[in-house]
file target34.txt (compact mmCIF, C-alpha atoms)
# COMPACT_ATOMS: atom_id res chain seq x y z
CA MET A 2 7.39 31.47 32.69
CA SER A 3 6.85 30.10 29.19
CA LEU A 4 7.78 26.48 28.54
CA SER A 5 8.70 25.32 25.05
CA VAL A 6 7.69 21.97 23.60
CA SER A 7 9.40 19.73 21.10
CA PRO A 8 9.70 21.18 17.58
CA ARG A 9 8.03 18.03 16.24
CA MET A 10 4.77 19.19 17.81
CA ALA A 11 4.59 21.99 15.24
CA ARG A 12 4.20 19.31 12.56
CA VAL A 13 1.25 17.47 14.08
CA ARG A 14 -2.26 18.37 15.19
CA PRO A 15 -4.70 17.04 17.74
CA SER A 16 -7.25 14.55 16.42
CA PRO A 17 -10.04 16.48 14.65
CA THR A 18 -12.60 13.85 15.64
CA GLY A 19 -11.54 14.15 19.28
CA ALA A 20 -11.99 17.92 19.07
CA LEU A 21 -15.48 17.43 17.63
CA LEU A 22 -16.48 15.12 20.48
CA ALA A 23 -15.32 17.76 22.98
CA LEU A 24 -17.37 20.43 21.19
CA GLU A 25 -20.45 18.21 21.19
CA ALA A 26 -20.12 17.67 24.94
CA GLU A 27 -19.73 21.42 25.52
CA LEU A 28 -22.84 22.24 23.50
CA ARG A 29 -24.90 19.56 25.24
CA ALA A 30 -23.83 21.01 28.58
CA GLN A 31 -25.36 24.28 27.36
CA GLY A 32 -28.66 22.49 26.79
CA ARG A 33 -28.35 22.04 23.01
CA ASP A 34 -29.97 18.95 21.45
CA ILE A 35 -26.99 17.84 19.38
CA ILE A 36 -27.28 14.79 17.13
CA SER A 37 -23.84 13.33 16.58
CA LEU A 38 -23.01 12.07 13.12
CA GLY A 39 -19.32 12.53 13.83
CA ALA A 40 -18.27 9.74 16.16
CA GLY A 41 -16.42 6.73 14.76
CA GLU A 42 -17.99 4.48 17.36
CA PRO A 43 -20.73 1.81 17.27
CA ASP A 44 -23.92 2.85 19.02
CA PHE A 45 -24.55 -0.76 20.06
CA ASP A 46 -23.59 -2.12 23.47
CA THR A 47 -20.89 -4.78 23.76
CA PRO A 48 -22.56 -8.22 23.44
CA GLN A 49 -23.51 -9.71 26.79
CA HIS A 50 -21.36 -12.85 26.58
CA ILE A 51 -18.28 -10.65 26.14
CA LYS A 52 -19.17 -8.50 29.15
CA ASP A 53 -19.79 -11.67 31.17
CA ALA A 54 -16.31 -12.90 30.28
CA ALA A 55 -14.81 -9.67 31.61
CA CYS A 56 -16.73 -9.99 34.87
CA GLN A 57 -15.53 -13.57 35.22
CA ALA A 58 -11.95 -12.49 34.56
CA ILE A 59 -12.19 -9.97 37.38
CA ALA A 60 -13.69 -12.60 39.70
CA ASP A 61 -10.85 -14.97 38.78
CA GLY A 62 -8.24 -12.34 39.64
CA GLN A 63 -7.02 -11.64 36.11
CA THR A 64 -6.11 -8.11 37.15
CA LYS A 65 -2.30 -8.21 37.02
CA TYR A 66 0.28 -7.33 34.40
CA THR A 67 0.30 -9.63 31.38
CA PRO A 68 3.13 -10.21 28.90
CA ILE A 69 3.82 -6.99 27.03
CA ASP A 70 2.64 -8.41 23.71
CA GLY A 71 -0.54 -10.01 25.12
CA THR A 72 -1.73 -13.08 26.96
CA ALA A 73 -1.08 -16.50 25.47
CA SER A 74 -4.81 -17.23 25.29
CA LEU A 75 -5.66 -14.04 23.39
CA LYS A 76 -2.73 -14.40 21.00
CA ALA A 77 -3.87 -17.96 20.27
CA ALA A 78 -7.39 -16.66 19.58
CA ILE A 79 -5.95 -14.06 17.20
CA GLN A 80 -3.93 -16.77 15.50
CA ARG A 81 -7.14 -18.81 15.01
CA LYS A 82 -9.00 -15.72 13.78
CA PHE A 83 -6.44 -15.05 11.04
CA ALA A 84 -6.53 -18.68 9.94
CA ARG A 85 -10.35 -18.91 10.05
CA ASP A 86 -11.28 -15.56 8.51
CA ASN A 87 -8.34 -14.77 6.25
CA GLY A 88 -6.54 -18.02 5.50
CA LEU A 89 -3.36 -16.59 7.03
CA ASP A 90 -1.00 -18.64 9.18
CA TYR A 91 1.08 -16.78 11.77
CA GLU A 92 3.37 -17.99 14.49
CA ILE A 93 2.49 -16.78 17.98
CA SER A 94 5.73 -14.77 17.94
CA GLN A 95 4.42 -12.87 14.89
CA ILE A 96 1.40 -11.48 16.80
CA ILE A 97 1.15 -8.54 19.19
CA VAL A 98 -1.79 -7.26 21.25
CA THR A 99 -2.00 -3.48 21.66
CA SER A 100 -4.10 -0.87 23.45
CA GLY A 101 -6.36 -0.33 20.45
CA GLY A 102 -5.66 -0.52 16.75
CA LYS A 103 -4.19 2.98 16.81
CA GLN A 104 -1.34 1.85 19.06
CA ALA A 105 -0.50 -1.00 16.70
CA LEU A 106 -0.07 1.49 13.85
CA PHE A 107 1.85 3.93 16.03
CA ASN A 108 4.18 1.16 17.25
CA LEU A 109 4.83 0.17 13.64
CA CYS A 110 5.65 3.73 12.56
CA LEU A 111 8.11 4.20 15.43
CA GLY A 112 9.60 0.72 15.01
CA LEU A 113 10.04 0.89 11.23
CA LEU A 114 10.51 4.45 10.05
CA ALA A 115 13.61 6.67 10.12
CA PRO A 116 14.03 10.38 9.36
CA GLY A 117 13.75 10.96 5.61
CA ASP A 118 11.68 7.83 4.94
CA GLU A 119 8.49 8.28 2.94
CA VAL A 120 5.09 6.69 3.55
CA VAL A 121 2.45 6.45 0.82
CA ILE A 122 -1.02 7.27 2.14
CA PRO A 123 -4.07 7.27 -0.16
CA ALA A 124 -6.50 10.10 0.56
CA PRO A 125 -9.18 10.24 1.87
CA TYR A 126 -7.34 8.72 4.84
CA TRP A 127 -8.04 8.09 8.50
CA VAL A 128 -7.07 11.29 10.31
CA SER A 129 -4.19 9.81 12.34
CA TYR A 130 -2.11 8.25 9.57
CA PRO A 131 -0.12 11.32 8.47
CA ASP A 132 0.48 12.56 12.00
CA MET A 133 1.79 9.18 13.16
CA VAL A 134 4.24 9.28 10.27
CA LEU A 135 5.31 12.81 11.18
CA LEU A 136 5.83 11.86 14.83
CA ALA A 137 8.15 9.11 13.58
CA GLU A 138 10.04 11.89 11.71
CA ALA A 139 9.19 10.44 8.31
CA GLU A 140 7.29 12.11 5.48
CA PRO A 141 3.74 11.31 4.36
CA VAL A 142 3.24 11.15 0.60
CA VAL A 143 -0.47 11.65 0.00
CA VAL A 144 -2.04 10.11 -3.09
CA GLU A 145 -5.29 11.85 -3.86
CA THR A 146 -8.26 9.79 -4.95
CA GLY A 147 -11.85 10.95 -5.32
CA ILE A 148 -15.40 9.91 -5.85
CA GLU A 149 -14.82 9.46 -9.60
CA GLN A 150 -12.40 6.58 -8.92
CA ASP A 151 -14.37 5.16 -6.00
CA PHE A 152 -11.87 6.58 -3.49
CA LYS A 153 -9.32 3.89 -4.41
CA MET A 154 -5.65 4.31 -5.31
CA THR A 155 -4.84 2.98 -8.77
CA PRO A 156 -1.73 0.94 -9.60
CA ALA A 157 -0.49 3.83 -11.76
CA GLN A 158 -0.82 6.27 -8.85
CA LEU A 159 1.00 3.88 -6.53
CA GLY A 160 3.80 3.41 -9.04
CA GLN A 161 4.26 7.17 -9.38
CA ALA A 162 4.40 7.63 -5.60
CA LEU A 163 7.04 4.97 -4.95
CA ASN A 164 10.74 5.80 -4.95
CA ASP A 165 13.98 4.88 -3.20
CA LYS A 166 12.84 6.69 -0.04
CA THR A 167 9.55 4.82 0.26
CA ARG A 168 9.48 2.57 3.32
CA LEU A 169 5.76 2.00 3.96
CA VAL A 170 2.40 1.97 2.19
CA ILE A 171 -0.80 2.23 4.24
CA LEU A 172 -3.96 0.55 2.95
CA ASN A 173 -7.30 0.75 4.77
CA SER A 174 -10.15 -1.41 3.47
CA PRO A 175 -13.04 -1.00 4.09
CA SER A 176 -12.10 2.63 4.43
CA ASN A 177 -12.68 5.15 7.15
CA PRO A 178 -13.97 7.68 6.02
CA THR A 179 -15.34 6.56 2.64
CA GLY A 180 -16.70 3.03 3.15
CA ALA A 181 -14.87 1.96 -0.03
CA SER A 182 -13.44 -1.56 -0.11
CA TYR A 183 -10.82 -2.94 -2.49
CA THR A 184 -11.62 -6.11 -4.40
CA ARG A 185 -9.19 -9.02 -4.62
CA ALA A 186 -8.29 -8.06 -8.20
CA GLN A 187 -7.64 -4.45 -7.20
CA LEU A 188 -5.36 -5.51 -4.33
CA GLN A 189 -3.50 -7.91 -6.62
CA ALA A 190 -2.93 -5.09 -9.11
CA LEU A 191 -1.39 -2.96 -6.35
CA GLY A 192 0.66 -5.97 -5.24
CA ALA A 193 2.07 -6.37 -8.75
CA VAL A 194 3.44 -2.81 -8.53
CA LEU A 195 4.90 -3.43 -5.08
CA ALA A 196 6.61 -6.62 -6.26
CA ASP A 197 9.22 -4.42 -7.95
CA HIS A 198 9.94 -2.54 -4.70
CA PRO A 199 11.22 -5.20 -2.28
CA ASP A 200 12.17 -2.76 0.50
CA VAL A 201 8.63 -1.39 0.90
CA VAL A 202 6.48 -2.65 3.76
CA VAL A 203 2.69 -2.63 3.51
CA VAL A 204 0.39 -2.18 6.49
CA ALA A 205 -3.16 -3.38 5.90
CA ASP A 206 -5.55 -1.72 8.35
CA ASP A 207 -8.47 -4.18 8.43
CA MET A 208 -10.31 -2.66 11.41
CA TYR A 209 -13.68 -2.68 9.59
CA GLU A 210 -13.28 -6.16 8.11
CA HIS A 211 -16.54 -7.50 9.53
CA ILE A 212 -18.63 -4.42 8.73
CA HIS A 213 -18.72 -5.26 5.05
CA TRP A 214 -21.55 -6.04 2.62
CA ALA A 215 -20.13 -5.98 -0.91
CA ASP A 216 -21.09 -8.79 -3.29
CA GLU A 217 -17.48 -9.98 -3.26
CA PRO A 218 -16.32 -11.15 0.19
CA PHE A 219 -13.81 -9.09 2.13
CA VAL A 220 -10.20 -10.00 1.40
CA SER A 221 -7.15 -8.90 3.36
CA PHE A 222 -4.11 -7.69 1.43
CA ALA A 223 -1.93 -10.56 2.66
CA SER A 224 -4.56 -13.03 1.47
CA ALA A 225 -4.76 -11.41 -1.96
CA CYS A 226 -0.97 -11.11 -2.35
CA PRO A 227 0.65 -14.09 -0.60
CA GLU A 228 3.88 -13.49 -2.51
CA LEU A 229 4.31 -10.33 -0.41
CA PHE A 230 3.44 -12.02 2.89
CA ASP A 231 6.90 -11.50 4.41
CA ARG A 232 6.57 -7.69 4.25
CA ILE A 233 2.92 -7.16 5.16
CA VAL A 234 1.75 -6.13 8.62
CA THR A 235 -1.97 -6.64 9.16
CA THR A 236 -3.63 -4.62 11.92
CA ASN A 237 -7.10 -5.16 13.31
CA GLY A 238 -8.98 -5.11 16.61
CA VAL A 239 -12.25 -5.71 18.38
CA SER A 240 -13.37 -2.08 18.67
CA LYS A 241 -15.68 -1.74 15.69
CA ALA A 242 -16.98 -5.22 14.87
CA TYR A 243 -17.72 -6.14 18.49
CA ALA A 244 -18.73 -2.66 19.74
CA MET A 245 -15.77 -2.61 22.13
CA THR A 246 -14.21 0.81 21.51
CA GLY A 247 -13.69 1.58 25.20
CA TRP A 248 -12.06 -1.78 25.90
CA ARG A 249 -8.99 -0.70 23.88
CA ILE A 250 -7.82 -3.93 22.28
CA GLY A 251 -6.10 -3.98 18.92
CA PHE A 252 -3.68 -6.44 17.40
CA ALA A 253 -1.23 -6.89 14.57
CA ALA A 254 0.52 -9.75 12.82
CA GLY A 255 3.46 -9.67 10.47
CA PRO A 256 7.18 -10.31 10.03
CA GLY A 257 8.81 -11.34 13.28
CA GLU A 258 11.47 -8.61 13.26
CA LEU A 259 8.83 -5.88 12.87
CA ILE A 260 6.58 -7.35 15.56
CA THR A 261 9.60 -7.50 17.88
CA ALA A 262 10.33 -3.83 17.19
CA MET A 263 6.70 -2.96 17.87
CA LYS A 264 6.85 -4.90 21.14
CA THR A 265 9.96 -2.94 22.17
CA VAL A 266 8.21 0.36 21.50
CA GLN A 267 5.24 -0.82 23.51
CA SER A 268 7.45 -1.96 26.37
CA GLN A 269 8.58 1.64 26.83
CA SER A 270 5.15 3.24 26.44
CA THR A 271 2.00 1.47 27.65
CA SER A 272 3.36 -2.01 28.39
CA ASN A 273 0.54 -4.57 28.13
CA ALA A 274 -3.03 -3.86 27.13
CA CYS A 275 -5.67 -4.12 29.88
CA SER A 276 -5.74 -7.65 31.29
CA VAL A 277 -9.53 -7.77 31.72
CA SER A 278 -10.10 -6.42 28.23
CA GLN A 279 -7.80 -9.11 26.84
CA ALA A 280 -9.90 -11.81 28.47
CA ALA A 281 -13.05 -10.28 26.96
CA ALA A 282 -11.44 -9.96 23.53
CA GLN A 283 -10.48 -13.63 23.54
CA VAL A 284 -14.14 -14.57 24.06
CA ALA A 285 -15.19 -12.06 21.39
CA LEU A 286 -12.93 -13.70 18.80
CA ASP A 287 -13.61 -17.31 19.80
CA GLY A 288 -17.28 -17.02 20.82
CA ASP A 289 -20.65 -16.53 19.17
CA GLN A 290 -20.30 -14.35 16.06
CA ALA A 291 -24.05 -13.85 15.54
CA PRO A 292 -24.06 -10.37 17.17
CA VAL A 293 -21.44 -9.23 14.64
CA ALA A 294 -23.68 -10.23 11.73
CA GLU A 295 -26.71 -8.61 13.37
CA MET A 296 -24.89 -5.31 13.84
CA CYS A 297 -23.57 -5.40 10.28
CA ALA A 298 -27.10 -5.93 8.95
CA ALA A 299 -28.29 -2.89 10.91
CA TYR A 300 -25.44 -0.77 9.54
CA LYS A 301 -26.32 -1.85 5.99
CA SER A 302 -29.96 -0.75 6.44
CA ARG A 303 -28.83 2.60 7.81
CA HIS A 304 -26.30 2.96 5.00
CA ASP A 305 -29.00 2.49 2.37
CA PHE A 306 -31.20 5.13 4.01
CA VAL A 307 -28.43 7.66 4.60
CA VAL A 308 -26.89 7.42 1.13
CA ALA A 309 -30.29 7.90 -0.52
CA ALA A 310 -31.13 10.81 1.79
CA LEU A 311 -27.79 12.51 1.17
CA ASN A 312 -28.17 12.20 -2.59
CA ASP A 313 -31.56 13.88 -2.20
CA LEU A 314 -29.97 16.98 -0.64
CA PRO A 315 -29.24 19.88 -3.00
CA GLY A 316 -25.56 20.02 -3.89
CA PHE A 317 -24.66 16.65 -2.32
CA GLU A 318 -23.23 13.64 -4.18
CA CYS A 319 -22.74 10.42 -2.23
CA ARG A 320 -21.21 7.15 -3.37
CA ALA A 321 -22.62 3.93 -1.90
CA GLY A 322 -20.07 2.18 0.30
CA GLU A 323 -19.15 -1.47 0.72
CA GLY A 324 -18.66 -1.32 4.47
CA THR A 325 -17.95 0.65 7.68
CA PHE A 326 -20.58 2.96 9.18
CA TYR A 327 -19.65 6.11 7.27
CA ALA A 328 -20.88 7.99 4.23
CA PHE A 329 -18.62 10.52 2.53
CA PRO A 330 -20.60 12.87 0.29
CA ARG A 331 -19.03 15.46 -1.98
CA VAL A 332 -20.53 18.84 -1.09
CA THR A 333 -18.78 21.29 -3.42
CA GLU A 334 -22.01 22.33 -5.15
CA ALA A 335 -23.69 22.92 -1.79
CA LEU A 336 -20.77 25.12 -0.73
CA GLN A 337 -21.15 27.24 -3.85
CA ALA A 338 -24.91 27.49 -3.46
CA HIS A 339 -24.63 28.79 0.10
CA GLY A 340 -21.62 31.03 -0.39
CA LEU A 341 -19.39 28.90 1.83
CA GLN A 342 -15.65 28.74 1.36
CA SER A 343 -14.89 25.31 2.79
CA ASP A 344 -16.26 22.02 4.09
CA ALA A 345 -15.33 23.24 7.59
CA GLU A 346 -17.69 26.20 7.15
CA LEU A 347 -20.45 23.81 6.14
CA THR A 348 -19.98 21.62 9.22
CA GLU A 349 -19.99 24.77 11.37
CA LEU A 350 -23.27 25.79 9.75
CA LEU A 351 -24.79 22.38 10.41
CA ILE A 352 -23.82 22.24 14.08
CA ASN A 353 -24.84 25.88 14.71
CA LYS A 354 -28.10 25.93 12.76
CA ALA A 355 -29.19 22.27 12.63
CA ASP A 356 -27.64 20.95 15.85
CA VAL A 357 -26.08 18.15 13.79
CA ALA A 358 -22.36 17.34 14.18
CA CYS A 359 -20.30 15.84 11.38
CA VAL A 360 -16.64 16.04 10.34
CA PRO A 361 -15.22 18.12 7.46
CA GLY A 362 -13.51 16.15 4.72
CA THR A 363 -10.38 18.29 5.03
CA ALA A 364 -9.57 16.37 8.23
CA PHE A 365 -9.28 13.25 6.05
CA GLY A 366 -7.22 14.92 3.32
CA ALA A 367 -10.27 15.48 1.11
CA PRO A 368 -11.50 19.09 0.94
CA GLY A 369 -15.00 19.47 -0.43
CA TYR A 370 -16.41 16.41 1.34
CA ILE A 371 -17.88 15.72 4.79
CA ARG A 372 -18.01 12.49 6.79
CA ILE A 373 -21.36 11.30 8.10
CA SER A 374 -21.39 8.49 10.66
CA PHE A 375 -24.54 6.37 10.67
CA ALA A 376 -23.61 4.60 13.91
CA ASN A 377 -26.82 5.95 15.36
CA SER A 378 -30.43 4.84 15.60
CA MET A 379 -32.61 5.08 12.50
CA GLU A 380 -34.84 7.51 14.40
CA MET A 381 -31.92 9.84 15.08
CA LEU A 382 -30.63 9.51 11.52
CA GLU A 383 -34.02 10.45 10.09
CA GLU A 384 -34.22 13.47 12.39
CA ALA A 385 -30.66 14.55 11.58
CA LEU A 386 -31.15 14.37 7.83
CA ASN A 387 -34.43 16.28 8.13
CA ARG A 388 -32.64 19.00 10.10
CA ILE A 389 -29.88 19.24 7.52
CA LYS A 390 -32.41 19.44 4.70
CA ARG A 391 -34.32 22.24 6.43
CA VAL A 392 -31.15 24.30 6.90
CA LEU A 393 -29.92 23.79 3.36
CA SER A 394 -33.34 24.57 1.93
CA ALA A 395 -33.79 27.76 3.96

call {"tool": "encode", "arguments": {"input": "target34.txt", "output": "structure tokens"}}
result
Amino acid sequence: MSLSVSPRMARVRPSPTGALLALEAELRAQGRDIISLGAGEPDFDTPQHIKDAACQAIADGQTKYTPIDGTASLKAAIQRKFARDNGLDYEISQIIVTSGGKQALFNLCLGLLAPGDEVVIPAPYWVSYPDMVLLAEAEPVVVETGIEQDFKMTPAQLGQALNDKTRLVILNSPSNPTGASYTRAQLQALGAVLADHPDVVVVADDMYEHIHWADEPFVSFASACPELFDRIVTTNGVSKAYAMTGWRIGFAAGPGELITAMKTVQSQSTSNACSVSQAAAQVALDGDQAPVAEMCAAYKSRHDFVVAALNDLPGFECRAGEGTFYAFPRVTEALQAHGLQSDAELTELLINKADVACVPGTAFGAPGYIRISFANSMEMLEEALNRIKRVLSA
């Protein structure tokens, strides 16, 4: 018997990065020495004081359901974080805790969007943005950027993409996959365009806020454009900055009616995030921040090495980033030199011949690029780049 699935499933695809992780595991099981430059995950362990807090929470019996939108203590810590780091003041009722940052974005799409709505997404984009929009039965409107414009959407591009159907604009800074980060002036210029479109909501995905090393400090969109505060949803989490990917804690803050809608969606899907993880996240946000700075410094050193090494490869062109742990080189000349038709063919070549895994740029809406994660030890990064160079020079 053949069972049919929902027609909406024909519009979406499984996560390309998840598929890559599965392939890496399969090849390692075959005895292959695969170096992963594909995972969007810190290679550092969660800081000890955060793990200790989780153990204490278990010992104290914090193993029951919590309120759907998060514990009072974690929401208060998030409230303090926004005030301390971003100069943003939210009521507790304007904050929700989710099972990872991805759920916060998914809740927002389901809670805000209706069939026929349009969502402006600058490309390169994080792989899940368009598919979340499609699952909400809305339409992604992709705005292409490139290395020549530092992978940033211009005000003119935003203005051309907006129309009466536009309901949401997604901004990610620093960006996965490019590492590009908008300056305050650049965000204000985008805000000036949005000021003439009062029905458009903006979601600022700040997940990589603390992995940032530009000369100008990080600024969140709501901080740069306070006049738009009442229609900005800011999402974040502890996964990247605190090396807590497996703990699955994200959060969002924004207009009360949208947060309430997101809470309703969550009430009928996952309910609350893990109680023990919430206790750990509260200590992460309120506790010693020195490990965050130490990890960021390590990422910056790796970034400098990787970008220089990539630019030394024939046919590669890599822009220096302002944050995250990714590099996003353009590889079109390398494709031509090796008779390859696509960035996917190049990544297949690298995993088959160099035992190095990375992600094709097409997955991020940017054909002709590849994403390199440098969330790996310097020793492994040096070996991986040497392997790639040997294959491309053969």

call {"tool": "closest_residue", "arguments": {"input": "target34.txt", "among": "A:Glu25, A:Asp151, A:Val13, A:Val128", "to": "Asp356 (chain A)", "atoms": "all atoms listed in the file"}}
result
A:Glu25

call {"tool": "residues_around", "arguments": {"input": "target34.txt", "residues": "region 29-44 of chain A", "least_positions_apart": "3", "cutoff": "7 Å", "atoms": "all atoms listed in the file", "output": "list in words"}}
result
Glu25, Ala26, Lys241, Ala244, Thr246, Asp356, Val357, Ala358, Cys359, Val360, Ile373, Ser374, Phe375, Ala376, Asn377 and Ala385 of chain A

call {"tool": "closest_atom_pairs", "arguments": {"input": "target34.txt", "of": "region 250-336 of chain A", "to": "region 187-206 of chain A", "cutoff": "12 Å", "atoms": "all atoms listed in the file", "output": "tab-separated table"}}
result
residue	atom	partner	partner_atom	distance
A:Gly251	CA	A:Asp206	CA	10.8
A:Phe252	CA	A:Asp206	CA	10.4
A:Ala253	CA	A:Asp206	CA	9.2
A:Ala254	CA	A:Val204	CA	9.9
A:Gly255	CA	A:Val204	CA	9.0
A:Pro256	CA	A:Val202	CA	9.9
A:Leu259	CA	A:Val202	CA	9.9

call {"tool": "closest_residue", "arguments": {"input": "target34.txt", "among": "A:Pro123, A:Gly147, A:Pro68, A:Pro156", "to": "Leu169 (chain A)", "atoms": "all atoms listed in the file"}}
result
A:Pro123

call {"tool": "closest_residue", "arguments": {"input": "target34.txt", "among": "A:Ser276, A:Gln104, A:Gln80, A:Ser3", "to": "Gly62 (chain A)", "atoms": "all atoms listed in the file"}}
result
A:Ser276

call {"tool": "closest_residue", "arguments": {"input": "target34.txt", "among": "A:Met208, A:Ala291, A:Leu24, A:Leu172", "to": "Phe152 (chain A)", "atoms": "all atoms listed in the file"}}
result
A:Leu172

call {"tool": "closest_residue", "arguments": {"input": "target34.txt", "among": "A:His211, A:Ala328, A:Ile96, A:Ser240", "to": "Glu295 (chain A)", "atoms": "only C-alpha atoms"}}
result
A:His211

call {"tool": "closest_atom_pairs", "arguments": {"input": "target34.txt", "of": "region 135-238 of chain A", "to": "region 110-115 of chain A", "cutoff": "12 Å", "atoms": "all atoms listed in the file", "output": "Markdown table"}}
result
| residue | atom | partner | partner_atom | distance |
| --- | --- | --- | --- | --- |
| A:Leu135 | CA | A:Cys110 | CA | 9.2 |
| A:Leu136 | CA | A:Leu111 | CA | 8.0 |
| A:Ala137 | CA | A:Leu111 | CA | 5.2 |
| A:Glu138 | CA | A:Ala115 | CA | 6.5 |
| A:Ala139 | CA | A:Ala115 | CA | 6.1 |
| A:Glu140 | CA | A:Leu114 | CA | 9.5 |
| A:Pro141 | CA | A:Leu114 | CA | 11.2 |
| A:Lys166 | CA | A:Ala115 | CA | 10.2 |
| A:Thr167 | CA | A:Leu114 | CA | 9.8 |
| A:Arg168 | CA | A:Leu114 | CA | 7.1 |
| A:Leu169 | CA | A:Leu114 | CA | 8.1 |
| A:Val170 | CA | A:Cys110 | CA | 11.0 |
| A:Ile171 | CA | A:Cys110 | CA | 10.6 |
| A:Asp200 | CA | A:Leu113 | CA | 11.5 |
| A:Val201 | CA | A:Leu113 | CA | 10.7 |
| A:Val202 | CA | A:Leu113 | CA | 9.0 |
| A:Val203 | CA | A:Leu113 | CA | 11.2 |
| A:Val204 | CA | A:Cys110 | CA | 10.0 |
| A:Arg232 | CA | A:Leu113 | CA | 11.6 |
| A:Val234 | CA | A:Leu113 | CA | 11.2 |

call {"tool": "closest_residue", "arguments": {"input": "target34.txt", "among": "A:Val284, A:Met133, A:Val392, A:Met296", "to": "Ile79 (chain A)", "atoms": "only C-alpha atoms"}}
result
A:Val284

call {"tool": "residues_around", "arguments": {"input": "target34.txt", "residues": "Met154 (chain A)", "least_positions_apart": "3", "cutoff": "9 Å", "atoms": "all atoms listed in the file", "output": "PyMOL selection string"}}
result
chain A and resi 123-124+144-146+150-151+157-159+191

call {"tool": "residues_around", "arguments": {"input": "target34.txt", "residues": "Ile93 (chain A)", "least_positions_apart": "3", "cutoff": "12 Å", "atoms": "only C-alpha atoms", "output": "JSON, numbers by chain"}}
result
{"A": [70, 71, 72, 73, 74, 75, 76, 77, 78, 79, 80, 81, 83, 90, 96, 97, 98, 253, 254, 255, 256, 257, 260, 261]}

call {"tool": "atom_distance", "arguments": {"input": "target34.txt", "atom1": "CA of Gly180 (chain A)", "atom2": "CA of Ala215 (chain A)"}}
result
10.5 Å

call {"tool": "atom_distance", "arguments": {"input": "target34.txt", "atom1": "CA of Asp305 (chain A)", "atom2": "CA of Pro330 (chain A)"}}
result
13.5 Å

call {"tool": "atom_distance", "arguments": {"input": "target34.txt", "atom1": "CA of Tyr370 (chain A)", "atom2": "CA of Gly102 (chain A)"}}
result
25.3 Å

call {"tool": "residues_around", "arguments": {"input": "target34.txt", "residues": "Ile389 (chain A)", "least_positions_apart": "6", "cutoff": "12 Å", "atoms": "only C-alpha atoms", "output": "VMD selection string"}}
result
chain A and resid 36 38 310 to 311 313 to 315 317 335 347 to 359 373 382 to 383 395
